[in-house]
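Q: My structure is stored as model02.cif, with mmCIF, N, CA and C atoms.
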```cif
data_entry
#
loop_
_atom_site.label_atom_id
_atom_site.label_comp_id
_atom_site.auth_asym_id
_atom_site.auth_seq_id
_atom_site.Cartn_x
_atom_site.Cartn_y
_atom_site.Cartn_z
N MET A 29 -64.81 -89.72 -100.07
CA MET A 29 -65.06 -88.50 -99.35
C MET A 29 -66.44 -88.61 -98.72
N SER A 30 -66.55 -88.24 -97.48
CA SER A 30 -67.85 -88.21 -96.82
C SER A 30 -67.94 -86.98 -95.93
N ALA A 31 -69.18 -86.56 -95.67
CA ALA A 31 -69.40 -85.36 -94.87
C ALA A 31 -69.87 -85.74 -93.48
N GLY A 32 -69.55 -84.88 -92.54
CA GLY A 32 -70.03 -85.04 -91.18
C GLY A 32 -69.89 -83.74 -90.44
N ASN A 33 -70.99 -83.18 -89.99
CA ASN A 33 -71.00 -81.88 -89.32
C ASN A 33 -70.31 -80.83 -90.18
N ASP A 34 -69.25 -80.20 -89.67
CA ASP A 34 -68.57 -79.16 -90.43
C ASP A 34 -67.25 -79.69 -90.99
N ARG A 35 -67.18 -80.98 -91.22
CA ARG A 35 -65.92 -81.59 -91.63
C ARG A 35 -66.13 -82.57 -92.77
N TYR A 36 -65.16 -82.64 -93.65
CA TYR A 36 -65.15 -83.66 -94.68
C TYR A 36 -64.10 -84.67 -94.30
N TYR A 37 -64.38 -85.91 -94.56
CA TYR A 37 -63.45 -86.98 -94.27
C TYR A 37 -62.94 -87.53 -95.59
N LEU A 38 -61.69 -87.30 -95.83
CA LEU A 38 -61.07 -87.75 -97.07
C LEU A 38 -60.31 -89.03 -96.83
N SER A 39 -60.29 -89.88 -97.83
CA SER A 39 -59.50 -91.10 -97.72
C SER A 39 -58.02 -90.73 -97.81
N GLU A 40 -57.18 -91.61 -97.38
CA GLU A 40 -55.75 -91.37 -97.49
C GLU A 40 -55.34 -91.24 -98.95
N ALA A 41 -56.00 -91.99 -99.83
CA ALA A 41 -55.69 -91.91 -101.27
C ALA A 41 -56.06 -90.54 -101.82
N GLU A 42 -57.18 -89.97 -101.38
CA GLU A 42 -57.58 -88.63 -101.84
C GLU A 42 -56.60 -87.57 -101.36
N LYS A 43 -56.20 -87.67 -100.10
CA LYS A 43 -55.22 -86.72 -99.56
C LYS A 43 -53.89 -86.83 -100.30
N LYS A 44 -53.45 -88.06 -100.53
CA LYS A 44 -52.19 -88.27 -101.23
C LYS A 44 -52.25 -87.69 -102.64
N GLN A 45 -53.34 -87.96 -103.33
CA GLN A 45 -53.49 -87.44 -104.69
C GLN A 45 -53.44 -85.92 -104.69
N PHE A 46 -54.13 -85.29 -103.74
CA PHE A 46 -54.12 -83.83 -103.67
C PHE A 46 -52.71 -83.30 -103.44
N HIS A 47 -52.00 -83.87 -102.49
CA HIS A 47 -50.67 -83.36 -102.16
C HIS A 47 -49.64 -83.67 -103.24
N GLU A 48 -49.83 -84.74 -104.00
CA GLU A 48 -48.90 -85.07 -105.07
C GLU A 48 -49.22 -84.35 -106.37
N GLU A 49 -50.51 -84.21 -106.67
CA GLU A 49 -50.91 -83.68 -107.97
C GLU A 49 -51.49 -82.26 -107.91
N GLY A 50 -51.81 -81.78 -106.70
CA GLY A 50 -52.26 -80.41 -106.55
C GLY A 50 -53.74 -80.17 -106.81
N TYR A 51 -54.51 -81.22 -106.96
CA TYR A 51 -55.96 -81.05 -107.16
C TYR A 51 -56.70 -82.26 -106.62
N LEU A 52 -57.98 -82.05 -106.41
CA LEU A 52 -58.86 -83.12 -105.95
C LEU A 52 -60.23 -82.87 -106.56
N ILE A 53 -60.80 -83.88 -107.15
CA ILE A 53 -62.16 -83.77 -107.66
C ILE A 53 -63.09 -84.13 -106.51
N ALA A 54 -63.86 -83.14 -106.06
CA ALA A 54 -64.72 -83.30 -104.89
C ALA A 54 -66.18 -83.37 -105.34
N LYS A 55 -66.59 -84.55 -105.74
CA LYS A 55 -67.97 -84.73 -106.20
C LYS A 55 -68.93 -84.61 -105.03
N GLY A 56 -70.07 -83.98 -105.31
CA GLY A 56 -71.12 -83.88 -104.31
C GLY A 56 -71.00 -82.69 -103.38
N LEU A 57 -70.04 -81.81 -103.60
CA LEU A 57 -69.90 -80.64 -102.74
C LEU A 57 -71.07 -79.69 -102.90
N PHE A 58 -71.62 -79.61 -104.10
CA PHE A 58 -72.74 -78.73 -104.39
C PHE A 58 -73.95 -79.57 -104.76
N GLN A 59 -75.10 -79.11 -104.35
CA GLN A 59 -76.36 -79.76 -104.71
C GLN A 59 -76.69 -79.41 -106.16
N PRO A 60 -77.49 -80.23 -106.83
CA PRO A 60 -77.84 -79.95 -108.24
C PRO A 60 -78.41 -78.55 -108.46
N ASP A 61 -79.24 -78.05 -107.54
CA ASP A 61 -79.79 -76.70 -107.73
C ASP A 61 -78.71 -75.63 -107.60
N GLU A 62 -77.69 -75.87 -106.77
CA GLU A 62 -76.59 -74.92 -106.64
C GLU A 62 -75.74 -74.91 -107.92
N VAL A 63 -75.51 -76.08 -108.47
CA VAL A 63 -74.75 -76.17 -109.73
C VAL A 63 -75.51 -75.44 -110.83
N ALA A 64 -76.82 -75.63 -110.88
CA ALA A 64 -77.65 -74.95 -111.88
C ALA A 64 -77.56 -73.43 -111.72
N GLU A 65 -77.54 -72.96 -110.48
CA GLU A 65 -77.45 -71.53 -110.23
C GLU A 65 -76.09 -70.96 -110.66
N ILE A 66 -75.03 -71.69 -110.39
CA ILE A 66 -73.69 -71.26 -110.82
C ILE A 66 -73.64 -71.19 -112.35
N LYS A 67 -74.13 -72.24 -112.98
CA LYS A 67 -74.14 -72.27 -114.45
C LYS A 67 -74.96 -71.11 -115.01
N GLU A 68 -76.13 -70.88 -114.44
CA GLU A 68 -77.00 -69.79 -114.91
C GLU A 68 -76.31 -68.44 -114.75
N THR A 69 -75.60 -68.23 -113.66
CA THR A 69 -74.89 -66.97 -113.41
C THR A 69 -73.89 -66.69 -114.52
N PHE A 70 -73.08 -67.69 -114.86
CA PHE A 70 -72.05 -67.47 -115.86
C PHE A 70 -72.61 -67.48 -117.28
N MET A 71 -73.66 -68.22 -117.52
CA MET A 71 -74.31 -68.20 -118.83
C MET A 71 -74.95 -66.83 -119.08
N ARG A 72 -75.50 -66.22 -118.03
CA ARG A 72 -76.09 -64.89 -118.16
C ARG A 72 -75.02 -63.87 -118.50
N ILE A 73 -73.87 -63.96 -117.85
CA ILE A 73 -72.77 -63.04 -118.14
C ILE A 73 -72.33 -63.20 -119.59
N GLN A 74 -72.22 -64.43 -120.04
CA GLN A 74 -71.82 -64.68 -121.42
C GLN A 74 -72.87 -64.13 -122.39
N ALA A 75 -74.15 -64.31 -122.07
CA ALA A 75 -75.22 -63.84 -122.95
C ALA A 75 -75.26 -62.31 -123.01
N GLU A 76 -74.95 -61.66 -121.88
CA GLU A 76 -74.95 -60.19 -121.86
C GLU A 76 -73.77 -59.63 -122.63
N GLY A 77 -72.72 -60.43 -122.78
CA GLY A 77 -71.63 -60.09 -123.68
C GLY A 77 -70.41 -59.42 -123.11
N VAL A 78 -70.55 -58.62 -122.07
CA VAL A 78 -69.38 -57.89 -121.57
C VAL A 78 -69.48 -57.70 -120.06
N LEU A 79 -68.38 -57.90 -119.40
CA LEU A 79 -68.21 -57.53 -118.01
C LEU A 79 -66.91 -56.74 -118.00
N PRO A 80 -66.98 -55.41 -118.16
CA PRO A 80 -65.80 -54.58 -118.41
C PRO A 80 -64.64 -54.90 -117.46
N GLY A 81 -63.48 -55.11 -118.09
CA GLY A 81 -62.27 -55.42 -117.34
C GLY A 81 -62.12 -56.87 -116.96
N TYR A 82 -63.16 -57.68 -117.14
CA TYR A 82 -63.11 -59.07 -116.73
C TYR A 82 -63.53 -60.04 -117.83
N PHE A 83 -64.53 -59.67 -118.62
CA PHE A 83 -65.04 -60.55 -119.66
C PHE A 83 -65.39 -59.68 -120.85
N GLU A 84 -64.52 -59.68 -121.82
CA GLU A 84 -64.71 -58.85 -123.00
C GLU A 84 -64.42 -59.69 -124.24
N PRO A 85 -65.43 -60.45 -124.70
CA PRO A 85 -65.21 -61.31 -125.86
C PRO A 85 -64.94 -60.50 -127.13
N ALA A 86 -64.12 -61.07 -127.98
CA ALA A 86 -63.84 -60.48 -129.29
C ALA A 86 -64.95 -60.88 -130.26
N SER A 87 -65.09 -60.13 -131.32
CA SER A 87 -66.04 -60.51 -132.37
C SER A 87 -65.47 -61.74 -133.07
N PRO A 88 -66.31 -62.49 -133.77
CA PRO A 88 -65.80 -63.66 -134.51
C PRO A 88 -64.68 -63.29 -135.49
N GLU A 89 -64.79 -62.12 -136.10
CA GLU A 89 -63.76 -61.69 -137.03
C GLU A 89 -62.44 -61.43 -136.30
N GLU A 90 -62.52 -60.76 -135.14
CA GLU A 90 -61.31 -60.45 -134.37
C GLU A 90 -60.70 -61.72 -133.78
N ALA A 91 -61.55 -62.66 -133.37
CA ALA A 91 -61.08 -63.88 -132.72
C ALA A 91 -60.38 -64.82 -133.69
N LYS A 92 -60.75 -64.77 -134.96
CA LYS A 92 -60.15 -65.63 -135.99
C LYS A 92 -60.15 -67.10 -135.57
N GLY A 93 -61.29 -67.53 -134.99
CA GLY A 93 -61.44 -68.94 -134.62
C GLY A 93 -60.88 -69.32 -133.26
N ASP A 94 -60.28 -68.40 -132.54
CA ASP A 94 -59.69 -68.69 -131.23
C ASP A 94 -60.81 -68.70 -130.18
N PRO A 95 -61.15 -69.88 -129.64
CA PRO A 95 -62.25 -69.93 -128.67
C PRO A 95 -62.00 -69.14 -127.39
N LEU A 96 -60.73 -68.96 -127.01
CA LEU A 96 -60.44 -68.18 -125.80
C LEU A 96 -60.68 -66.69 -126.02
N LYS A 97 -60.67 -66.25 -127.28
CA LYS A 97 -61.01 -64.86 -127.56
C LYS A 97 -62.53 -64.68 -127.68
N LEU A 98 -63.19 -65.73 -128.18
CA LEU A 98 -64.66 -65.68 -128.27
C LEU A 98 -65.31 -65.85 -126.90
N PHE A 99 -64.73 -66.72 -126.08
CA PHE A 99 -65.27 -67.04 -124.76
C PHE A 99 -64.16 -66.92 -123.72
N PRO A 100 -63.72 -65.69 -123.44
CA PRO A 100 -62.60 -65.54 -122.50
C PRO A 100 -62.98 -65.98 -121.09
N ARG A 101 -61.96 -66.41 -120.38
CA ARG A 101 -62.15 -66.78 -118.98
C ARG A 101 -62.32 -65.51 -118.15
N ILE A 102 -63.05 -65.64 -117.07
CA ILE A 102 -63.20 -64.52 -116.14
C ILE A 102 -62.24 -64.78 -114.99
N LEU A 103 -61.17 -64.00 -114.94
CA LEU A 103 -60.20 -64.16 -113.86
C LEU A 103 -60.74 -63.48 -112.60
N TYR A 104 -60.60 -64.15 -111.47
CA TYR A 104 -61.03 -63.62 -110.19
C TYR A 104 -62.52 -63.23 -110.17
N PRO A 105 -63.40 -64.15 -110.56
CA PRO A 105 -64.82 -63.78 -110.62
C PRO A 105 -65.38 -63.35 -109.27
N HIS A 106 -64.79 -63.83 -108.18
CA HIS A 106 -65.28 -63.48 -106.86
C HIS A 106 -65.13 -61.98 -106.56
N ARG A 107 -64.28 -61.30 -107.31
CA ARG A 107 -64.08 -59.87 -107.08
C ARG A 107 -65.23 -59.03 -107.62
N VAL A 108 -65.95 -59.56 -108.60
CA VAL A 108 -67.00 -58.75 -109.24
C VAL A 108 -68.36 -59.44 -109.30
N ILE A 109 -68.41 -60.71 -108.93
CA ILE A 109 -69.66 -61.46 -108.99
C ILE A 109 -69.95 -62.02 -107.61
N GLY A 110 -70.93 -61.43 -106.94
CA GLY A 110 -71.25 -61.85 -105.58
C GLY A 110 -71.57 -63.33 -105.47
N ARG A 111 -72.28 -63.87 -106.45
CA ARG A 111 -72.64 -65.29 -106.43
C ARG A 111 -71.37 -66.16 -106.47
N ALA A 112 -70.37 -65.76 -107.25
CA ALA A 112 -69.12 -66.52 -107.32
C ALA A 112 -68.42 -66.50 -105.96
N LYS A 113 -68.42 -65.36 -105.32
CA LYS A 113 -67.78 -65.26 -104.00
C LYS A 113 -68.51 -66.13 -102.98
N SER A 114 -69.83 -66.15 -103.04
CA SER A 114 -70.58 -66.95 -102.07
C SER A 114 -70.28 -68.43 -102.20
N TYR A 115 -70.02 -68.90 -103.42
CA TYR A 115 -69.69 -70.31 -103.59
C TYR A 115 -68.25 -70.63 -103.25
N MET A 116 -67.37 -69.63 -103.29
CA MET A 116 -66.00 -69.86 -102.80
C MET A 116 -66.02 -70.06 -101.29
N LEU A 117 -66.94 -69.36 -100.62
CA LEU A 117 -67.04 -69.42 -99.16
C LEU A 117 -68.12 -70.39 -98.68
N HIS A 118 -68.63 -71.20 -99.59
CA HIS A 118 -69.69 -72.18 -99.31
C HIS A 118 -69.22 -73.12 -98.19
N PRO A 119 -70.01 -73.33 -97.15
CA PRO A 119 -69.56 -74.16 -96.03
C PRO A 119 -68.96 -75.53 -96.42
N PRO A 120 -69.53 -76.27 -97.36
CA PRO A 120 -68.87 -77.53 -97.74
C PRO A 120 -67.48 -77.33 -98.36
N VAL A 121 -67.30 -76.25 -99.10
CA VAL A 121 -65.99 -75.96 -99.69
C VAL A 121 -65.00 -75.64 -98.56
N MET A 122 -65.44 -74.80 -97.63
CA MET A 122 -64.56 -74.43 -96.52
C MET A 122 -64.21 -75.65 -95.66
N ALA A 123 -65.18 -76.54 -95.45
CA ALA A 123 -64.92 -77.75 -94.66
C ALA A 123 -63.90 -78.65 -95.36
N LEU A 124 -64.03 -78.78 -96.66
CA LEU A 124 -63.08 -79.61 -97.41
C LEU A 124 -61.68 -79.01 -97.35
N LEU A 125 -61.58 -77.69 -97.53
CA LEU A 125 -60.27 -77.05 -97.45
C LEU A 125 -59.65 -77.20 -96.07
N LYS A 126 -60.48 -77.09 -95.05
CA LYS A 126 -59.99 -77.27 -93.68
C LYS A 126 -59.44 -78.69 -93.50
N GLU A 127 -60.12 -79.66 -94.06
CA GLU A 127 -59.66 -81.05 -93.97
C GLU A 127 -58.35 -81.24 -94.74
N LEU A 128 -58.23 -80.64 -95.90
CA LEU A 128 -57.02 -80.79 -96.70
C LEU A 128 -55.80 -80.13 -96.06
N PHE A 129 -56.00 -78.94 -95.50
CA PHE A 129 -54.87 -78.17 -94.97
C PHE A 129 -54.74 -78.23 -93.46
N GLN A 130 -55.70 -78.88 -92.80
CA GLN A 130 -55.67 -79.02 -91.35
C GLN A 130 -55.63 -77.68 -90.62
N GLU A 131 -56.27 -76.68 -91.22
CA GLU A 131 -56.40 -75.36 -90.58
C GLU A 131 -57.51 -74.61 -91.30
N GLU A 132 -57.99 -73.55 -90.68
CA GLU A 132 -59.05 -72.75 -91.31
C GLU A 132 -58.46 -71.89 -92.40
#
```
Could you write out this structure as structure tokens?
A:
Amino acid sequence: MSAGNDRYYLSEAEKKQFHEEGYLIAKGLFQPDEVAEIKETFMRIQAEGVLPGYFEPASPEEAKGDPLKLFPRILYPHRVIGRAKSYMLHPPVMALLKELFQEE
């Protein structure tokens, strides 16, 4: 995968893998400081403990060892976390999607 202007150039093997398996690991889409910011955003939410309707961890007693109850996933984070939405619309992400689907 390589970048150029507003476009990503994927190898035929990468395109084939995406279309056959439904995913592509796109290394280098985010700069290290952007990755750190994403991590910090979600670590802060976890540390604060609750995001009503989206992230409501159970107590250790209630979870009974179930990590998904202790650390639930946040479904649709872009709906309630502006930083998550900004990274979904990040120009390199959009360029890669445009390359994969051949449309905006």
Q: What does the distance from atom C of Ala112 of chain A to atom CA of Phe70 of chain A come to in Å, to one decimal?
A: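 Separation between atom C of Ala112 of chain A and atom CA of Phe70 of chain A: 10.6 Å.
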Q: For the structure shown, which residues end up in the PyMOL selection byres (((chain A and resi 58 and name CA) around 12) and name CA)? Put them as a list in words, please?
A: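 What the PyMOL selection byres (((chain A and resi 58 and name CA) around 12) and name CA) grabs from the file is Ala54, Lys55, Gly56, Leu57, Gln59, Pro60, Asp61, Glu62, Val63, Ala64, Glu65, Ile66, Tyr115, Met116, His118, Pro119, Pro120, Val121 and Leu124 of chain A.
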Q: In Å, rounded to a single decimal, give me how far atom CA of Ser114 of chain A is from atom N of Glu42 of chain A.
A: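 These two atoms are separated by 26.6 Å.
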Q: Residues picked by the PyMOL selection byres ((chain A and resi 100) around 7) here, as a PyMOL selection string?
A: chain A and resi 82-86+95-99+101-103
Q: Quick one: pull the distance between atom CA of Arg107 of chain A and atom C of Gly81 of chain A, Å, one decimal.
A: 10.5 Å
Q: Which of these, A:Phe46, A:Glu40, A:Gly77, A:Lys67, has the shortest distance to Leu125 of chain A once you count only C-alpha atoms?
A: A:Phe46
Q: Among chain A, which ones does DSSP assign to strand (DSSP E or B) (computed from the backbone)? Answer as a JSON list (two decimals) with N, CA and C atoms, in the coordinates of the input.
A:
```json
[["chain", "number", "residue", "atom", "x", "y", "z"],
["A", 30, "SER", "N", -66.55, -88.24, -97.48],
["A", 30, "SER", "CA", -67.85, -88.21, -96.82],
["A", 30, "SER", "C", -67.94, -86.98, -95.93],
["A", 31, "ALA", "N", -69.18, -86.56, -95.67],
["A", 31, "ALA", "CA", -69.40, -85.36, -94.87],
["A", 31, "ALA", "C", -69.87, -85.74, -93.48],
["A", 32, "GLY", "N", -69.55, -84.88, -92.54],
["A", 32, "GLY", "CA", -70.03, -85.04, -91.18],
["A", 32, "GLY", "C", -69.89, -83.74, -90.44],
["A", 35, "ARG", "N", -67.18, -80.98, -91.22],
["A", 35, "ARG", "CA", -65.92, -81.59, -91.63],
["A", 35, "ARG", "C", -66.13, -82.57, -92.77],
["A", 36, "TYR", "N", -65.16, -82.64, -93.65],
["A", 36, "TYR", "CA", -65.15, -83.66, -94.68],
["A", 36, "TYR", "C", -64.10, -84.67, -94.30],
["A", 37, "TYR", "N", -64.38, -85.91, -94.56],
["A", 37, "TYR", "CA", -63.45, -86.98, -94.27],
["A", 37, "TYR", "C", -62.94, -87.53, -95.59],
["A", 79, "LEU", "N", -68.38, -57.90, -119.40],
["A", 79, "LEU", "CA", -68.21, -57.53, -118.01],
["A", 79, "LEU", "C", -66.91, -56.74, -118.00],
["A", 83, "PHE", "N", -64.53, -59.67, -118.62],
["A", 83, "PHE", "CA", -65.04, -60.55, -119.66],
["A", 83, "PHE", "C", -65.39, -59.68, -120.85]]
```
Q: Can you list, as a PyMOL selection string, every residue of chain A that DSSP puts in helix (DSSP H, G or I)?
A: chain A and resi 40-49+60-76+88-91+95-98+105-107+110-116+119-129
